[in-house]
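Just upload.csv here, CSV, C-alpha atoms:
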chain,number,residue,atom,x,y,z
A,1,MET,CA,70.6,-25.5,-25.4
A,2,ASN,CA,71.1,-26.3,-29.1
A,3,MET,CA,68.0,-28.4,-29.0
A,4,LEU,CA,66.0,-25.7,-27.3
A,5,SER,CA,67.2,-23.2,-30.0
A,6,ASN,CA,66.0,-25.7,-32.7
A,7,TRP,CA,62.6,-25.9,-31.1
A,8,ILE,CA,62.2,-22.2,-30.8
A,9,MET,CA,63.3,-21.7,-34.4
A,10,ALA,CA,61.0,-24.5,-35.7
A,11,ILE,CA,58.0,-22.8,-33.9
A,12,ARG,CA,58.9,-19.4,-35.2
A,13,THR,CA,59.9,-20.2,-38.8
A,14,GLY,CA,59.1,-23.8,-39.6
A,15,ASN,CA,62.9,-24.5,-40.1
A,16,ILE,CA,66.0,-25.2,-38.0
A,17,GLU,CA,69.6,-24.0,-38.3
A,18,LYS,CA,71.3,-25.4,-41.4
A,19,GLY,CA,73.4,-28.4,-40.5
A,20,ALA,CA,71.9,-28.7,-37.0
A,21,ARG,CA,70.9,-32.1,-35.7
A,22,LEU,CA,67.3,-32.8,-36.3
A,23,ASP,CA,65.9,-34.2,-33.0
A,24,LEU,CA,62.5,-35.9,-32.6
A,25,VAL,CA,60.8,-32.8,-31.2
A,26,SER,CA,62.2,-30.5,-33.9
A,27,LYS,CA,61.1,-33.0,-36.6
A,28,TRP,CA,57.6,-33.1,-35.1
A,29,LEU,CA,57.3,-29.3,-34.9
A,30,ILE,CA,58.4,-29.0,-38.5
A,31,ILE,CA,56.2,-31.8,-39.9
A,32,THR,CA,53.1,-30.5,-38.1
A,33,ARG,CA,53.9,-26.9,-39.0
A,34,ALA,CA,53.7,-25.8,-35.4
A,35,LEU,CA,54.6,-22.2,-36.3
A,36,ILE,CA,51.0,-21.6,-37.1
A,37,PHE,CA,49.4,-23.3,-34.0
A,38,SER,CA,49.1,-19.9,-32.2
A,39,ILE,CA,46.3,-19.0,-34.6
A,40,THR,CA,44.3,-22.1,-33.4
A,41,LEU,CA,45.1,-21.4,-29.7
A,42,LEU,CA,43.7,-17.9,-30.2
A,43,SER,CA,40.4,-19.3,-31.6
A,44,ALA,CA,40.1,-21.6,-28.5
A,45,LEU,CA,40.9,-18.8,-26.0
A,46,ILE,CA,38.4,-16.4,-27.7
A,47,GLY,CA,35.7,-19.1,-27.4
A,48,GLY,CA,36.7,-19.8,-23.7
A,49,LEU,CA,36.6,-16.1,-22.8
A,50,LEU,CA,33.3,-15.5,-24.5
A,51,SER,CA,31.9,-18.4,-22.4
A,52,ALA,CA,33.4,-16.9,-19.2
A,53,LEU,CA,31.8,-13.5,-20.0
A,54,ASP,CA,28.4,-15.2,-20.1
A,55,GLY,CA,29.1,-16.7,-16.7
A,56,TYR,CA,30.3,-20.2,-17.7
A,57,PHE,CA,33.9,-21.4,-17.2
A,58,ASN,CA,35.7,-24.6,-16.7
A,59,TRP,CA,39.5,-24.7,-17.1
A,60,GLY,CA,39.5,-28.5,-17.7
A,61,TYR,CA,37.1,-28.3,-20.6
A,62,LEU,CA,38.9,-25.3,-22.1
A,63,LEU,CA,42.3,-27.1,-22.0
A,64,LEU,CA,40.8,-30.2,-23.5
A,65,ALA,CA,39.1,-28.2,-26.3
A,66,ALA,CA,42.3,-26.3,-27.0
A,67,LEU,CA,44.4,-29.5,-27.1
A,68,GLY,CA,41.8,-31.2,-29.3
A,69,LEU,CA,41.8,-28.2,-31.8
A,70,THR,CA,45.6,-28.1,-31.8
A,71,LEU,CA,45.8,-31.9,-32.6
A,72,ALA,CA,43.2,-31.4,-35.3
A,73,HIS,CA,45.3,-28.6,-36.8
A,74,ALA,CA,48.4,-30.8,-36.7
A,75,ALA,CA,46.5,-33.6,-38.5
A,76,ASN,CA,45.1,-31.1,-41.0
A,77,ASN,CA,48.6,-29.8,-41.9
A,78,MET,CA,49.9,-33.3,-42.4
A,79,VAL,CA,46.8,-34.4,-44.4
A,80,ASN,CA,47.4,-31.3,-46.6
A,81,ASP,CA,51.0,-32.3,-47.2
A,82,TYR,CA,50.1,-36.0,-47.9
A,83,PHE,CA,47.4,-35.4,-50.4
A,84,ASP,CA,49.2,-32.5,-52.1
A,85,TYR,CA,52.2,-34.7,-52.5
A,86,THR,CA,50.3,-37.8,-53.8
A,87,SER,CA,48.3,-35.7,-56.2
A,88,GLY,CA,51.4,-34.1,-57.7
A,89,VAL,CA,50.8,-30.6,-56.4
A,90,ASP,CA,53.8,-30.5,-53.9
A,91,THR,CA,57.0,-31.0,-55.9
A,92,ALA,CA,60.5,-29.8,-55.4
A,93,ASP,CA,59.9,-26.6,-57.4
A,94,TYR,CA,56.6,-25.7,-55.6
A,95,PRO,CA,56.7,-23.0,-52.9
A,96,ARG,CA,55.7,-25.5,-50.2
A,97,ALA,CA,59.0,-27.2,-50.5
A,98,LYS,CA,61.0,-24.0,-50.5
A,99,TYR,CA,60.0,-22.0,-47.4
A,100,SER,CA,60.0,-25.1,-45.0
A,101,PRO,CA,61.0,-28.8,-45.4
A,102,HIS,CA,58.2,-30.9,-46.8
A,103,PRO,CA,57.7,-34.0,-44.6
A,104,ILE,CA,58.0,-36.5,-47.5
A,105,LEU,CA,60.0,-34.5,-50.2
A,106,SER,CA,62.7,-33.6,-47.6
A,107,GLY,CA,63.0,-37.2,-46.5
A,108,MET,CA,62.0,-36.5,-42.9
A,109,VAL,CA,59.4,-39.3,-43.0
A,110,THR,CA,58.0,-41.8,-45.4
A,111,GLU,CA,54.4,-41.8,-46.6
A,112,SER,CA,53.5,-44.6,-44.2
A,113,LYS,CA,55.0,-42.8,-41.2
A,114,LEU,CA,53.2,-39.6,-42.1
A,115,ILE,CA,49.9,-41.6,-42.3
A,116,PHE,CA,50.6,-43.1,-38.9
A,117,ALA,CA,51.3,-39.7,-37.4
A,118,ILE,CA,48.0,-38.4,-38.8
A,119,PHE,CA,46.0,-41.3,-37.3
A,120,CYS,CA,47.8,-40.8,-33.9
A,121,CYS,CA,46.6,-37.2,-33.8
A,122,LEU,CA,43.1,-38.1,-35.0
A,123,PHE,CA,42.8,-41.0,-32.5
A,124,LEU,CA,43.7,-38.7,-29.6
A,125,ASP,CA,41.3,-36.1,-31.0
A,126,PHE,CA,38.6,-38.8,-31.1
A,127,LEU,CA,39.2,-39.7,-27.4
A,128,ILE,CA,38.9,-36.0,-26.4
A,129,ALA,CA,35.7,-35.6,-28.6
A,130,VAL,CA,34.2,-38.7,-27.0
A,131,TYR,CA,34.8,-37.4,-23.5
A,132,LEU,CA,33.5,-34.0,-24.2
A,133,THR,CA,30.4,-35.5,-25.9
A,134,TRP,CA,29.8,-37.6,-22.8
A,135,ALA,CA,30.2,-34.4,-20.7
A,136,ARG,CA,28.4,-31.9,-22.9
A,137,GLY,CA,26.2,-33.8,-25.4
A,138,TRP,CA,26.1,-34.9,-29.0
A,139,ILE,CA,26.6,-31.4,-30.4
A,140,ILE,CA,30.3,-31.7,-29.6
A,141,MET,CA,30.7,-34.8,-31.8
A,142,ALA,CA,28.6,-33.2,-34.6
A,143,LEU,CA,30.9,-30.2,-34.6
A,144,ALA,CA,34.0,-32.4,-34.5
A,145,VAL,CA,32.7,-34.5,-37.5
A,146,VAL,CA,31.9,-31.4,-39.5
A,147,GLY,CA,35.3,-29.9,-38.7
A,148,LEU,CA,37.1,-33.1,-39.6
A,149,GLY,CA,35.2,-33.5,-42.9
A,150,THR,CA,35.9,-29.9,-43.9
A,151,SER,CA,39.5,-30.2,-42.9
A,152,VAL,CA,40.2,-33.5,-44.7
A,153,PHE,CA,38.2,-32.7,-47.9
A,154,TYR,CA,40.0,-29.3,-48.1
A,155,VAL,CA,42.6,-31.3,-50.1
A,156,ALA,CA,41.3,-34.9,-50.3
A,157,PRO,CA,39.2,-36.3,-53.1
A,158,PRO,CA,36.4,-36.2,-54.2
A,159,LEU,CA,35.7,-32.6,-53.0
A,160,ARG,CA,39.2,-31.0,-53.0
A,161,LEU,CA,37.8,-27.8,-51.7
A,162,LYS,CA,41.1,-25.9,-52.1
A,163,LYS,CA,41.3,-27.0,-55.7
A,164,ASN,CA,37.8,-25.8,-56.5
A,165,GLY,CA,37.8,-22.3,-55.0
A,166,LEU,CA,36.1,-23.2,-51.7
A,167,GLY,CA,39.2,-23.6,-49.5
A,168,GLU,CA,39.1,-20.0,-48.2
A,169,LEU,CA,35.4,-20.4,-47.2
A,170,ALA,CA,36.3,-23.7,-45.4
A,171,ILE,CA,39.1,-22.1,-43.4
A,172,PHE,CA,36.8,-19.2,-42.4
A,173,LEU,CA,34.2,-21.8,-41.1
A,174,ILE,CA,36.8,-23.9,-39.3
A,175,TRP,CA,38.8,-21.2,-37.5
A,176,GLY,CA,35.8,-18.9,-37.0
A,177,PRO,CA,32.4,-20.5,-36.1
A,178,LEU,CA,33.5,-24.1,-35.6
A,179,MET,CA,36.5,-23.5,-33.4
A,180,VAL,CA,35.2,-20.4,-31.5
A,181,GLY,CA,31.6,-21.6,-31.2
A,182,GLY,CA,32.7,-25.1,-30.5
A,183,THR,CA,35.0,-24.1,-27.7
A,184,TYR,CA,32.3,-21.9,-26.2
A,185,PHE,CA,29.9,-24.9,-26.2
A,186,ALA,CA,32.5,-27.3,-24.8
A,187,VAL,CA,33.3,-24.9,-21.9
A,188,SER,CA,29.7,-23.8,-21.2
A,189,GLY,CA,27.5,-26.6,-22.3
A,190,VAL,CA,25.2,-24.0,-23.7
A,191,LEU,CA,24.3,-23.7,-27.4
A,192,SER,CA,24.0,-20.0,-28.3
A,193,TRP,CA,24.1,-18.1,-31.6
A,194,LYS,CA,26.2,-15.3,-30.1
A,195,PRO,CA,29.6,-16.9,-30.1
A,196,PHE,CA,29.2,-18.0,-33.7
A,197,LEU,CA,28.5,-14.4,-34.7
A,198,ALA,CA,31.3,-13.2,-32.4
A,199,SER,CA,33.7,-15.5,-34.2
A,200,ILE,CA,33.3,-13.6,-37.5
A,201,PRO,CA,36.1,-11.0,-37.1
A,202,TYR,CA,38.7,-13.5,-36.1
A,203,GLY,CA,37.5,-16.0,-38.8
A,204,LEU,CA,38.1,-13.2,-41.4
A,205,ALA,CA,41.6,-12.5,-40.0
A,206,VAL,CA,42.6,-16.2,-40.3
A,207,THR,CA,41.2,-16.3,-43.8
A,208,ALA,CA,43.3,-13.3,-44.7
A,209,VAL,CA,46.4,-15.4,-43.8
A,210,LEU,CA,45.3,-18.1,-46.2
A,211,MET,CA,44.6,-15.5,-48.9
A,212,GLY,CA,48.2,-14.2,-48.4
A,213,LYS,CA,49.6,-17.7,-48.7
A,214,HIS,CA,47.6,-18.4,-51.9
A,215,LEU,CA,48.6,-15.1,-53.4
A,216,ASP,CA,52.2,-16.1,-52.8
A,217,LYS,CA,51.6,-19.4,-54.6
A,218,ALA,CA,49.2,-18.2,-57.3
A,219,GLU,CA,51.5,-18.5,-60.3
A,220,LYS,CA,52.5,-22.1,-59.4
A,221,ASP,CA,48.9,-23.0,-58.5
A,222,ARG,CA,47.7,-21.7,-61.9
A,223,GLU,CA,50.2,-24.0,-63.6
A,224,LYS,CA,49.0,-26.9,-61.6
A,225,LYS,CA,45.3,-26.1,-62.0
A,226,VAL,CA,44.8,-25.5,-58.3
A,227,ARG,CA,41.9,-23.0,-58.4
A,228,THR,CA,42.3,-21.1,-55.2
A,229,LEU,CA,40.5,-17.7,-54.9
A,230,PRO,CA,43.6,-15.8,-56.0
A,231,VAL,CA,43.8,-18.0,-59.1
A,232,LEU,CA,40.1,-17.5,-59.9
A,233,LEU,CA,40.0,-13.7,-59.1
A,234,GLY,CA,43.4,-12.8,-60.5
A,235,ASP,CA,46.1,-11.0,-58.6
A,236,GLN,CA,44.5,-7.6,-58.3
A,237,GLY,CA,41.1,-9.0,-57.4
A,238,ALA,CA,42.5,-11.3,-54.7
A,239,ARG,CA,44.5,-8.5,-53.1
A,240,LEU,CA,41.4,-6.4,-53.1
A,241,VAL,CA,39.4,-9.2,-51.4
A,242,THR,CA,42.1,-9.6,-48.8
A,243,GLN,CA,42.1,-5.9,-48.1
A,244,VAL,CA,38.3,-6.0,-47.6
A,245,MET,CA,38.8,-8.9,-45.1
A,246,VAL,CA,41.4,-6.9,-43.1
A,247,ILE,CA,39.1,-3.8,-43.0
A,248,SER,CA,36.1,-6.0,-42.2
A,249,PHE,CA,37.8,-7.4,-39.2
A,250,TYR,CA,37.6,-3.9,-37.6
A,251,LEU,CA,34.2,-3.0,-39.0
A,252,THR,CA,32.5,-6.2,-37.7
A,253,ILE,CA,34.0,-5.8,-34.3
A,254,VAL,CA,32.5,-2.3,-34.1
A,255,PHE,CA,29.2,-3.6,-35.4
A,256,LEU,CA,29.0,-6.5,-33.0
A,257,VAL,CA,29.8,-4.2,-30.1
A,258,ALA,CA,27.0,-1.9,-31.2
A,259,VAL,CA,24.5,-4.7,-31.3
A,260,LYS,CA,25.8,-6.1,-28.0
A,261,VAL,CA,27.1,-9.4,-29.3
A,262,LEU,CA,30.6,-8.4,-28.2
A,263,PRO,CA,31.5,-6.5,-25.1
A,264,VAL,CA,32.7,-2.9,-25.3
A,265,LEU,CA,36.3,-3.6,-24.5
A,266,SER,CA,36.6,-5.8,-27.6
A,267,LEU,CA,37.3,-2.4,-29.2
A,268,ILE,CA,40.8,-2.7,-27.8
A,269,ALA,CA,41.5,-4.7,-31.0
A,270,LEU,CA,41.2,-1.3,-32.9
A,271,LEU,CA,44.6,-0.4,-31.5
A,272,THR,CA,46.1,-2.8,-34.1
A,273,LEU,CA,44.6,-0.7,-36.9
A,274,PRO,CA,48.0,0.8,-37.9
A,275,ARG,CA,49.3,-2.7,-38.5
A,276,GLY,CA,46.1,-3.5,-40.5
A,277,ILE,CA,46.6,-0.4,-42.6
A,278,ARG,CA,50.2,-1.4,-43.2
A,279,PHE,CA,49.2,-4.8,-44.4
A,280,VAL,CA,46.5,-3.2,-46.6
A,281,SER,CA,49.2,-0.9,-48.1
A,282,VAL,CA,51.4,-3.9,-48.8
A,283,LEU,CA,48.5,-5.6,-50.6
A,284,SER,CA,48.1,-2.5,-52.7
A,285,GLY,CA,51.1,-3.7,-54.7
A,286,THR,CA,53.0,-0.5,-54.5
A,287,ILE,CA,55.9,-2.3,-52.8
A,288,PRO,CA,58.3,-4.0,-55.3
A,289,LEU,CA,58.4,-7.8,-54.7
A,290,THR,CA,62.1,-8.4,-55.0
A,291,PRO,CA,64.1,-10.2,-52.3
A,292,ILE,CA,66.2,-7.2,-51.3
A,293,ALA,CA,63.3,-4.7,-51.3
A,294,ALA,CA,61.2,-7.2,-49.3
A,295,PHE,CA,64.0,-7.6,-46.7
A,296,LYS,CA,64.4,-3.9,-46.3
A,297,ILE,CA,60.7,-3.2,-45.8
A,298,ALA,CA,60.0,-6.3,-43.6
A,299,GLU,CA,62.9,-5.9,-41.2
A,300,ASP,CA,60.4,-5.9,-38.3
A,301,VAL,CA,58.5,-8.8,-39.6
A,302,ILE,CA,61.0,-11.6,-40.2
A,303,PRO,CA,62.6,-13.3,-37.2
A,304,ARG,CA,65.9,-11.8,-35.9
A,305,ASP,CA,67.8,-15.1,-36.1
A,306,LEU,CA,67.1,-15.3,-39.9
A,307,LYS,CA,67.7,-11.6,-40.4
A,308,GLU,CA,71.2,-11.8,-38.9
A,309,LYS,CA,72.2,-14.4,-41.5
A,310,PHE,CA,71.0,-12.4,-44.4
A,311,ASN,CA,73.0,-9.7,-46.2
A,312,PRO,CA,70.6,-7.5,-48.2
A,313,GLU,CA,73.5,-6.0,-50.1
A,314,ASP,CA,74.4,-9.4,-51.6
A,315,PRO,CA,72.1,-9.8,-54.7
A,316,ALA,CA,72.9,-13.6,-54.8
A,317,GLN,CA,71.0,-14.1,-51.6
A,318,GLU,CA,67.2,-14.3,-51.2
A,319,PHE,CA,64.8,-13.0,-48.7
A,320,PRO,CA,65.0,-15.6,-45.8
A,321,LEU,CA,61.5,-16.9,-46.1
A,322,TRP,CA,61.1,-16.4,-49.9
A,323,PRO,CA,58.9,-17.1,-51.8
A,324,LEU,CA,56.6,-16.2,-48.9
A,325,TRP,CA,55.7,-12.5,-48.8
A,326,TYR,CA,52.0,-11.6,-48.4
A,327,VAL,CA,51.5,-14.4,-45.9
A,328,ILE,CA,54.3,-13.1,-43.6
A,329,TRP,CA,52.5,-9.8,-43.3
A,330,ALA,CA,49.2,-11.6,-42.9
A,331,VAL,CA,50.4,-13.7,-40.0
A,332,TRP,CA,52.2,-10.7,-38.4
A,333,TRP,CA,48.9,-8.8,-38.4
A,334,THR,CA,46.6,-11.6,-37.6
A,335,ARG,CA,48.5,-12.8,-34.5
A,336,VAL,CA,48.6,-9.3,-33.1
A,337,ALA,CA,45.0,-8.4,-34.0
A,338,GLY,CA,43.8,-11.7,-32.6
A,339,ALA,CA,45.8,-11.2,-29.4
A,340,TYR,CA,44.4,-7.7,-28.8
A,341,PHE,CA,40.9,-9.0,-29.5
A,342,LEU,CA,41.6,-11.5,-26.8
A,343,VAL,CA,43.0,-8.9,-24.4
A,344,GLY,CA,39.8,-6.9,-24.9
A,345,LEU,CA,37.7,-9.9,-23.8
A,346,LEU,CA,40.0,-10.5,-20.9
A,347,ALA,CA,39.9,-6.9,-19.8
A,348,GLN,CA,36.1,-7.0,-20.0
A,349,LEU,CA,36.0,-10.2,-17.9
A,350,ALA,CA,38.4,-8.6,-15.3
A,351,LEU,CA,36.1,-5.5,-15.2
A,352,LYS,CA,33.0,-7.6,-14.7
A,353,LYS,CA,34.7,-9.7,-11.9
A,354,PHE,CA,36.5,-7.1,-9.9
A,355,LEU,CA,34.4,-3.9,-10.3

Just give me the structure of the file as structure tokens.
Amino acid sequence: MNMLSNWIMAIRTGNIEKGARLDLVSKWLIITRALIFSITLLSALIGGLLSALDGYFNWGYLLLAALGLTLAHAANNMVNDYFDYTSGVDTADYPRAKYSPHPILSGMVTESKLIFAIFCCLFLDFLIAVYLTWARGWIIMALAVVGLGTSVFYVAPPLRLKKNGLGELAIFLIWGPLMVGGTYFAVSGVLSWKPFLASIPYGLAVTAVLMGKHLDKAEKDREKKVRTLPVLLGDQGARLVTQVMVISFYLTIVFLVAVKVLPVLSLIALLTLPRGIRFVSVLSGTIPLTPIAAFKIAEDVIPRDLKEKFNPEDPAQEFPLWPLWYVIWAVWWTRVAGAYFLVGLLAQLALKKFL
């Protein structure tokens, strides 16, 4: 039961109970940052449902595509940690090492073992891509190569997209058109422009998560000359751009429904507008960013198991996931908004099938 609790906590927070035994599964979940895999699974499921709505569906191909994307995401997270560590960005005083154990800095794995884990994920991914290419055609491999290149050069030299203000665009392209459109093609075998357009709202939502994360790290990134959008735009400009992304999620869904790219029941995602508005209000900067104030306002955002260990009346303690703040709200909104978007597609499919 203790091991299961560790796994659940690792998936929910990227950490385990202090002093708990670190088993192999828990270590893997923390090293790959499995807490964020749900965002990738939503991209795959959105692509699969869009395909089903167009009359094409194959459970086997959908599961393979989802597994391939999850492995790619795991590899991406480890590649980020490796190159940020070797380039001197990830250090003991950098936010990455504070909210969750860094694979190398925490001593969980050595550099060589992390590289081995990366290649294991990429090798399995390659086998999946080869099979889907055999089944569906060369477009699968082309999308896989573009996705891998964008993912690796997000942090790797010579491009270092994140360091040069292009990281946010890269994430939009990967979690939007590449993942959603790629899954659609893997499931259907049909190349269509519609799923690529339909991926825009969710791509914006995932990019808002990255904006939140980069807002949280902006001060340290500025010191280390990591030119993310929040560093280039400044705090106020970056928060405004993130607010536009949140609002655009809803506006693009409405527009895409109006032009018949998305089905009408996609509008179910609009039910999450109150959460979106709350995230936008947090981004307005009117909420004081102190640990105690953060805890009191975010009681429904942070996991219960961390909340119970935190006494907001004790000024010596910090917010459980500090220095993360904006990204917590972003993930909280994106997961729900993406899930409701998915529910809308599922409801449309059920309506089409049974009525």

May I have the residues within 10 Å of Phe172 (chain A) as a list in words, using only C-alpha atoms and disregarding those fewer than 2 positions away in the same chain? Gly167, Glu168, Leu169, Ala170, Ile174, Trp175, Gly176, Pro177, Leu178, Met179, Ser199, Ile200, Pro201, Tyr202, Gly203, Leu204, Ala205, Val206, Thr207, Ala208 and Leu210 of chain A

Find the residues around Leu64 (chain A) up to 10 Å (all atoms listed in the file counted), leave out those fewer than 2 positions away in its own chain, and share them as a PyMOL selection string. chain A and resi 44+59-62+66-70+125+128-129+131-132+183+186-187

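Minimum atom-to-atom distance to Phe341 (chain A), evaluated using all atoms listed in the file, belongs to A:Tyr250 out of A:Phe255, A:Trp329, A:Tyr250, A:Tyr154.
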
Would you mind telling me which residue in A:Arg275, A:Lys352, A:Lys213, A:Arg335 lies nearest to Tyr99 (chain A) when using all atoms listed in the file? A:Lys213

As a ChimeraX atom specification, please: the residues near Arg239 (chain A) (cut-off 10 Å, only C-alpha atoms, same-chain neighbours under 5 positions excluded). /A:208,211-212,215,230,233-234,244-245,280,282-285,326

Report as a PyMOL selection string all protein, DNA and RNA residues lying within 7 Å of region 46-57 of chain A, evaluated on only C-alpha atoms, omitting residues in the same chain fewer than 5 positions from it. chain A and resi 62+180-181+183-184+187-188+195+342+345-346+349

State, in Å with one decimal place, the distance from CA of Thr32 (chain A) to CA of Ala75 (chain A). 7.3 Å

Just the number, please: distance in Å from CA of Gly165 (chain A) to CA of Ile39 (chain A), one decimal.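 Between these atoms lies a distance of 22.3 Å.
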
Proximity to Gly147 (chain A) - best of A:Thr133, A:Asn76, A:Ser87, A:Ser38, only C-alpha atoms: A:Asn76

Near-Lys163 (chain A) list (9 Å; all atoms listed in the file; drop same-chain fewer than 2 positions) as a VMD selection string: chain A and resid 154 to 155 159 to 161 165 to 167 225 to 228
